[in-house]
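Text of query-v6.pdb, listed as PDB, C-alpha atoms:
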```pdb
MODEL        1
ATOM      1  CA  VAL E   1     109.107  -9.857-138.874
ATOM      2  CA  ALA E   2     112.561 -11.367-139.057
ATOM      3  CA  VAL E   3     112.766 -14.653-140.854
ATOM      4  CA  ARG E   4     115.429 -17.090-139.660
ATOM      5  CA  ARG E   5     116.988 -19.326-142.238
ATOM      6  CA  VAL E   6     117.301 -22.884-141.073
ATOM      7  CA  ARG E   7     120.433 -24.593-142.258
ATOM      8  CA  ARG E   8     119.722 -28.134-143.285
ATOM      9  CA  GLU E   9     122.301 -30.761-142.452
ATOM     10  CA  ARG E  10     123.670 -32.381-145.552
ATOM     11  CA  PRO E  11     123.977 -36.147-145.505
ATOM     12  CA  PRO E  12     127.583 -37.332-145.643
ATOM     13  CA  ARG E  13     128.881 -38.088-149.052
ATOM     14  CA  GLU E  14     129.159 -41.699-150.084
ATOM     15  CA  GLY E  15     132.937 -41.443-150.316
ATOM     16  CA  THR E  16     133.153 -40.102-146.756
ATOM     17  CA  VAL E  17     131.065 -42.977-145.426
ATOM     18  CA  VAL E  18     133.263 -45.508-147.176
ATOM     19  CA  LEU E  19     136.420 -43.829-145.846
ATOM     20  CA  ARG E  20     135.116 -43.828-142.289
ATOM     21  CA  THR E  21     134.163 -47.492-142.565
ATOM     22  CA  LEU E  22     137.622 -48.387-143.840
ATOM     23  CA  VAL E  23     139.325 -46.444-141.050
ATOM     24  CA  ALA E  24     137.187 -48.187-138.427
ATOM     25  CA  ALA E  25     137.966 -51.588-139.935
ATOM     26  CA  VAL E  26     141.697 -50.879-139.991
ATOM     27  CA  LEU E  27     141.649 -49.734-136.358
ATOM     28  CA  ALA E  28     139.773 -52.861-135.309
ATOM     29  CA  LEU E  29     142.259 -55.093-137.114
ATOM     30  CA  THR E  30     145.174 -53.205-135.558
ATOM     31  CA  VAL E  31     143.808 -53.660-132.042
ATOM     32  CA  ALA E  32     143.206 -57.349-132.663
ATOM     33  CA  ALA E  33     146.710 -57.775-134.069
ATOM     34  CA  CYS E  34     148.235 -56.036-131.058
ATOM     35  CA  ALA E  35     146.292 -58.240-128.669
ATOM     36  CA  THR E  36     147.415 -61.372-130.515
ATOM     37  CA  THR E  37     151.015 -60.175-130.540
ATOM     38  CA  GLY E  38     150.825 -59.562-126.801
ATOM     39  CA  VAL E  39     149.614 -63.106-126.172
ATOM     40  CA  ASP E  40     152.260 -64.510-128.496
ATOM     41  CA  GLU E  41     155.050 -62.607-126.747
ATOM     42  CA  ARG E  42     153.786 -63.642-123.325
ATOM     43  CA  CYS E  43     153.691 -67.314-124.294
ATOM     44  CA  SER E  44     156.428 -67.986-126.832
ATOM     45  CA  ASN E  45     159.055 -65.597-125.465
ATOM     46  CA  THR E  46     158.401 -66.192-121.786
ATOM     47  CA  ASP E  47     161.014 -66.836-119.130
ATOM     48  CA  TRP E  48     158.968 -69.420-117.269
ATOM     49  CA  TYR E  49     161.392 -69.411-114.355
ATOM     50  CA  ALA E  50     160.683 -65.683-113.881
ATOM     51  CA  VAL E  51     156.915 -66.283-114.098
ATOM     52  CA  GLY E  52     157.154 -68.998-111.454
ATOM     53  CA  LEU E  53     159.345 -66.765-109.300
ATOM     54  CA  ASP E  54     156.763 -63.968-109.377
ATOM     55  CA  ASP E  55     153.909 -66.372-108.626
ATOM     56  CA  GLY E  56     155.848 -67.876-105.735
ATOM     57  CA  ARG E  57     156.633 -64.470-104.287
ATOM     58  CA  ALA E  58     152.899 -63.710-104.417
ATOM     59  CA  GLY E  59     152.072 -66.984-102.629
ATOM     60  CA  HIS E  60     150.158 -68.509-105.523
ATOM     61  CA  PRO E  61     149.658 -72.305-105.387
ATOM     62  CA  ALA E  62     151.464 -74.594-107.824
ATOM     63  CA  ASP E  63     148.316 -75.149-109.881
ATOM     64  CA  ARG E  64     148.531 -71.490-110.922
ATOM     65  CA  ILE E  65     150.377 -72.798-113.967
ATOM     66  CA  ALA E  66     147.011 -74.036-115.252
ATOM     67  CA  HIS E  67     146.045 -70.387-115.710
ATOM     68  CA  HIS E  68     149.128 -69.775-117.833
ATOM     69  CA  ARG E  69     148.577 -72.993-119.768
ATOM     70  CA  LYS E  70     145.035 -71.948-120.640
ATOM     71  CA  ALA E  71     146.186 -68.497-121.782
ATOM     72  CA  CYS E  72     148.734 -70.031-124.170
ATOM     73  CA  ALA E  73     146.640 -72.961-125.389
ATOM     74  CA  LYS E  74     145.061 -70.952-128.215
ATOM     75  CA  LEU E  75     148.541 -70.556-129.710
ATOM     76  CA  GLY E  76     149.409 -74.199-129.218
ATOM     77  CA  ILE E  77     152.205 -73.278-126.807
ATOM     78  CA  GLU E  78     152.891 -75.315-123.672
ATOM     79  CA  PRO E  79     154.543 -73.627-120.669
ATOM     80  CA  ASP E  80     157.863 -75.015-119.463
ATOM     81  CA  GLU E  81     156.474 -76.555-116.283
ATOM     82  CA  LEU E  82     159.843 -77.623-114.879
ATOM     83  CA  ARG E  83     161.299 -74.119-115.158
ATOM     84  CA  TYR E  84     158.069 -72.638-113.804
ATOM     85  CA  LEU E  85     158.113 -74.888-110.735
ATOM     86  CA  GLN E  86     161.791 -74.149-110.136
ATOM     87  CA  GLY E  87     161.010 -70.437-110.136
ATOM     88  CA  ARG E  88     157.963 -70.853-107.947
ATOM     89  CA  ARG E  89     159.997 -72.887-105.445
ATOM     90  CA  ASP E  90     162.500 -70.056-105.109
ATOM     91  CA  GLY E  91     159.724 -67.477-104.950
ATOM     92  CA  MET E  92     157.962 -69.394-102.192
ATOM     93  CA  GLY E  93     161.233 -69.382-100.277
ATOM     94  CA  GLU E  94     160.896 -65.597-100.128
ATOM     95  CA  TYR E  95     157.157 -65.575 -99.535
ATOM     96  CA  CYS E  96     157.356 -67.980 -96.616
ATOM     97  CA  ARG E  97     159.708 -65.847 -94.540
ATOM     98  CA  PRO E  98     158.304 -65.499 -90.998
ATOM     99  CA  ASP E  99     157.963 -61.707 -91.213
ATOM    100  CA  ASN E 100     155.956 -61.997 -94.419
ATOM    101  CA  ALA E 101     153.191 -63.914 -92.639
ATOM    102  CA  PHE E 102     152.448 -60.820 -90.565
ATOM    103  CA  ARG E 103     152.808 -58.453 -93.513
ATOM    104  CA  GLU E 104     150.493 -60.445 -95.790
ATOM    105  CA  GLY E 105     147.909 -60.927 -93.065
ATOM    106  CA  LEU E 106     147.816 -57.256 -92.090
ATOM    107  CA  ALA E 107     147.409 -56.366 -95.770
ATOM    108  CA  GLY E 108     144.247 -58.489 -95.798
ATOM    109  CA  ARG E 109     145.565 -60.929 -98.380
ATOM    110  CA  ASP E 110     144.503 -64.573 -98.156
ATOM    111  CA  TYR E 111     146.966 -67.353 -97.460
ATOM    112  CA  GLN E 112     146.774 -70.176-100.011
ATOM    113  CA  GLY E 113     149.055 -72.673 -98.299
ATOM    114  CA  GLY E 114     152.545 -73.879 -99.074
ATOM    115  CA  CYS E 115     154.532 -72.701 -96.037
ATOM    116  CA  GLU E 116     155.705 -74.661 -93.051
ATOM    117  CA  GLY E 117     156.182 -73.826 -89.382
ATOM    118  CA  GLY E 118     153.989 -71.164 -87.819
ATOM    119  CA  PHE E 119     153.336 -69.213 -91.016
ATOM    120  CA  ALA E 120     149.635 -70.097 -91.221
ATOM    121  CA  ARG E 121     149.064 -69.359 -87.525
ATOM    122  CA  ASN E 122     150.851 -66.003 -87.706
ATOM    123  CA  HIS E 123     149.112 -65.048 -90.931
ATOM    124  CA  ARG E 124     145.748 -65.931 -89.410
ATOM    125  CA  ALA E 125     146.413 -63.735 -86.357
ATOM    126  CA  ALA E 126     147.472 -60.785 -88.518
ATOM    127  CA  HIS E 127     144.555 -61.265 -90.908
ATOM    128  CA  ASN E 128     142.168 -61.285 -87.950
ATOM    129  CA  VAL E 129     143.541 -57.925 -86.811
ATOM    130  CA  ALA E 130     143.124 -56.495 -90.323
ATOM    131  CA  THR E 131     139.537 -57.756 -90.506
ATOM    132  CA  LEU E 132     138.605 -56.283 -87.127
ATOM    133  CA  ARG E 133     140.169 -52.948 -88.011
ATOM    134  CA  ARG E 134     138.038 -52.771 -91.131
ATOM    135  CA  GLU E 135     134.934 -53.645 -89.124
ATOM    136  CA  VAL E 136     135.683 -50.937 -86.564
ATOM    137  CA  GLU E 137     136.151 -48.428 -89.376
ATOM    138  CA  ALA E 138     132.896 -49.488 -91.057
ATOM    139  CA  ASN E 139     131.104 -49.240 -87.738
ATOM    140  CA  GLY E 140     132.358 -45.680 -87.256
ATOM    141  CA  SER E 141     131.175 -44.710 -90.726
ATOM    142  CA  ALA E 142     127.742 -46.223 -90.081
ATOM    143  CA  ILE E 143     127.404 -44.219 -86.868
ATOM    144  CA  GLY E 144     128.709 -41.060 -88.514
ATOM    145  CA  TRP E 145     126.218 -40.782 -91.348
ATOM    146  CA  ARG E 146     123.317 -41.578 -89.032
ATOM    147  CA  GLU E 147     124.351 -38.880 -86.568
ATOM    148  CA  ALA E 148     124.732 -36.411 -89.448
ATOM    149  CA  GLU E 149     121.199 -37.170 -90.623
ATOM    150  CA  ILE E 150     119.879 -36.764 -87.081
ATOM    151  CA  ARG E 151     121.483 -33.312 -86.845
ATOM    152  CA  GLY E 152     120.032 -32.290 -90.203
ATOM    153  CA  ASN E 153     116.599 -30.870 -90.936
ATOM    154  CA  SER E 154     115.392 -33.210 -93.666
ATOM    155  CA  ALA E 155     114.513 -36.299 -91.592
ATOM    156  CA  SER E 156     111.179 -36.639 -89.819
ATOM    157  CA  GLU E 157     111.007 -37.139 -86.074
ATOM    158  CA  ASP E 158     110.059 -40.787 -86.539
ATOM    159  CA  ARG E 159     113.044 -41.253 -88.844
ATOM    160  CA  LYS E 160     115.348 -39.590 -86.311
ATOM    161  CA  ALA E 161     114.019 -41.800 -83.524
ATOM    162  CA  ASN E 162     114.801 -44.903 -85.595
ATOM    163  CA  LEU E 163     118.256 -43.577 -86.389
ATOM    164  CA  ARG E 164     118.981 -42.920 -82.707
ATOM    165  CA  ALA E 165     118.020 -46.505 -81.889
ATOM    166  CA  GLU E 166     120.320 -47.757 -84.643
ATOM    167  CA  VAL E 167     123.161 -45.586 -83.334
ATOM    168  CA  ARG E 168     122.767 -47.047 -79.862
ATOM    169  CA  ASP E 169     122.971 -50.582 -81.290
ATOM    170  CA  LEU E 170     126.010 -49.650 -83.335
ATOM    171  CA  GLU E 171     127.712 -48.089 -80.330
ATOM    172  CA  ARG E 172     127.241 -51.313 -78.374
ATOM    173  CA  LYS E 173     128.643 -53.219 -81.350
ATOM    174  CA  ARG E 174     131.563 -50.792 -81.458
ATOM    175  CA  GLU E 175     132.520 -51.571 -77.880
ATOM    176  CA  THR E 176     132.465 -55.301 -78.653
ATOM    177  CA  LEU E 177     134.587 -54.812 -81.771
ATOM    178  CA  ARG E 178     137.104 -52.641 -79.939
ATOM    179  CA  SER E 179     137.446 -55.254 -77.230
ATOM    180  CA  GLN E 180     137.943 -57.998 -79.821
ATOM    181  CA  LEU E 181     140.480 -55.880 -81.681
ATOM    182  CA  GLN E 182     142.442 -55.177 -78.531
ATOM    183  CA  ARG E 183     142.706 -58.888 -77.744
ATOM    184  CA  ALA E 184     143.617 -59.688 -81.348
ATOM    185  CA  GLU E 185     146.372 -57.066 -81.380
ATOM    186  CA  GLN E 186     147.753 -58.390 -78.108
ATOM    187  CA  GLU E 187     147.847 -61.908 -79.524
ATOM    188  CA  LEU E 188     149.526 -60.642 -82.679
ATOM    189  CA  GLN E 189     152.157 -58.828 -80.639
ATOM    190  CA  ARG E 190     152.776 -61.974 -78.592
ATOM    191  CA  LEU E 191     153.325 -64.029 -81.745
ATOM    192  CA  ARG E 192     155.615 -61.393 -83.212
ATOM    193  CA  LEU E 193     157.802 -61.422 -80.126
ATOM    194  CA  ALA E 194     157.895 -65.218 -80.111
ATOM    195  CA  THR E 195     158.699 -65.572 -83.824
ATOM    196  CA  PRO E 196     162.259 -65.241 -85.116
ATOM    197  CA  LEU E 197     162.032 -62.965 -88.138
ATOM    198  CA  ALA E 198     165.254 -64.038 -89.826
ATOM    199  CA  ALA E 199     164.828 -65.103 -93.441
ATOM    200  CA  ALA E 200     164.179 -68.810 -93.810
ATOM    201  CA  PRO E 201     163.315 -71.042 -96.778
ATOM    202  CA  GLY E 202     160.031 -72.205 -95.302
ATOM    203  CA  SER E 203     158.685 -73.433 -98.615
ATOM    204  CA  VAL E 204     156.689 -76.552 -99.176
ATOM    205  CA  VAL E 205     159.657 -78.041-101.037
ATOM    206  CA  ALA E 206     161.952 -77.551 -98.049
ATOM    207  CA  ALA E 207     159.316 -78.968 -95.719
ATOM    208  CA  LEU E 208     158.839 -82.120 -97.772
ATOM    209  CA  ALA E 209     162.589 -82.568 -98.132
ATOM    210  CA  ALA E 210     162.874 -82.483 -94.351
ATOM    211  CA  GLY E 211     160.078 -85.009 -93.946
ATOM    212  CA  ARG E 212     157.544 -82.500 -92.601
ATOM    213  CA  HIS E 213     154.136 -81.580 -93.883
ATOM    214  CA  PRO E 214     153.489 -77.955 -94.858
ATOM    215  CA  GLU E 215     150.441 -76.179 -93.482
TER     216      GLU E 215
ENDMDL
END
```
Can I see the file as structure tokens?
Amino acid sequence: VAVRRVRRERPPREGTVVLRTLVAAVLALTVAACATTGVDERCSNTDWYAVGLDDGRAGHPADRIAHHRKACAKLGIEPDELRYLQGRRDGMGEYCRPDNAFREGLAGRDYQGGCEGGFARNHRAAHNVATLRREVEANGSAIGWREAEIRGNSASEDRKANLRAEVRDLERKRETLRSQLQRAEQELQRLRLATPLAAAPGSVVAALAAGRHPE
């Protein structure tokens, strides 16, 4: 009879345990130091005009600076609000271009205000098209997996009967969605043709300076 020798695991030496603990502690301190340095660089060495410019180009509202202020508060650093607002004003001038209303809406991004003229209306029309397209796609997926299960062999006849009823309901819903999407796309096309797409300031600052109220 062959006898197998079982090798017993030796417990780690005390010195090894201490070394591992020290390495882990050093790594943790390094990560923390890097994180702190990142915050410090973002706050103390920030071009606040550039930050405002980026936020304006993204359509963020003016109170977005509160987010930056909170991030820097732990270091006792206050953002340069004047420079930030100057940058955001210029960024909003780019964001509020007429063509961007359609682009932002079709991308499914929300409009947070700040533009004059027909920006909100055009964005809403484009956003509606994007929403309906997603609903049509989701509807097709819901029909697809049900039809696949009906064709398979794992579902019972009762289950397949229920799935067929659900497919019929979804197909009726699909026709409604397609009709809504067609009308929405026609309205979007009408607005596109009626909207001059030349670059324009369109920002809330320009609107107020002209005595108008932004949307």
task: Tell me which of E:Cys96, E:Glu185, E:Phe102, E:Cys43 sits closest to Lys74 in chain E, counting only C-alpha atoms.
output: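 Going through E:Cys96, E:Glu185, E:Phe102, E:Cys43 one by one, the smallest distance to Lys74 in chain E is for E:Cys43.
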task: Give as JSON, numbers by chain the residues that the PyMOL selection byres ((chain E and resi 159-164) around 8) matches when applied to the coordinates above.
output: {"E": [146, 147, 149, 150, 155, 156, 157, 158, 165, 166, 167, 168]}
- prompt: What does the PyMOL selection byres ((chain E and resi 125) around 8) select in this file, as a ChimeraX atom specification?
  reply: /E:102,105,121-124,126-129,184,187-188
Picked residues, the PyMOL selection byres ((chain E and resi 132) around 12), as a list of chain:residue names: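 Selected by the PyMOL selection byres ((chain E and resi 132) around 12) here: E:Gly105, E:Leu106, E:Gly108, E:Ala125, E:Ala126, E:His127, E:Asn128, E:Val129, E:Ala130, E:Thr131, E:Arg133, E:Arg134, E:Glu135, E:Val136, E:Glu137, E:Ala138, E:Asn139, E:Lys173, E:Arg174, E:Thr176, E:Leu177, E:Arg178, E:Ser179, E:Gln180, E:Leu181, E:Gln182, E:Arg183, E:Ala184, E:Glu185.
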query: Which residues, written as a ChimeraX atom specification, have at least one atom at most 9 Å from Pro196 in chain E, with all atoms listed in the file counted and residues fewer than 4 positions away on the same chain left out?
result: /E:98-99,192
Let's have the selection written as a PDB file, keeping the file's coordinate frame, with C-alpha atoms.
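In the end it all went to selection_21.pdb:
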```pdb
ATOM      1  CA  PRO E  98     158.304 -65.499 -90.998  1.00  0.00           C
ATOM      2  CA  ASP E  99     157.963 -61.707 -91.213  1.00  0.00           C
ATOM      3  CA  ARG E 192     155.615 -61.393 -83.212  1.00  0.00           C
TER       4      ARG E 192
END
```
task: Record the distance separating CA of Gly117 in chain E and CA of Ala101 in chain E, expressed in Å with one decimal.
output: 10.9 Å
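One finds CA of Gln112 in chain E at 25.5 Å from CA of Ala73 in chain E.
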query: Mind pulling up the distance from CA of Ile143 in chain E to CA of Asp169 in chain E?
result: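 Pair CA of Asp169 in chain E / CA of Ile143 in chain E returns 9.6 Å.
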task: Rank E:Pro61, E:Gly118, E:Pro79, E:Gly52 by their smallest atom-to-atom distance to Leu197 in chain E, using all atoms listed in the file, and report the top residue only.
output: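 Closest candidate: E:Gly118.
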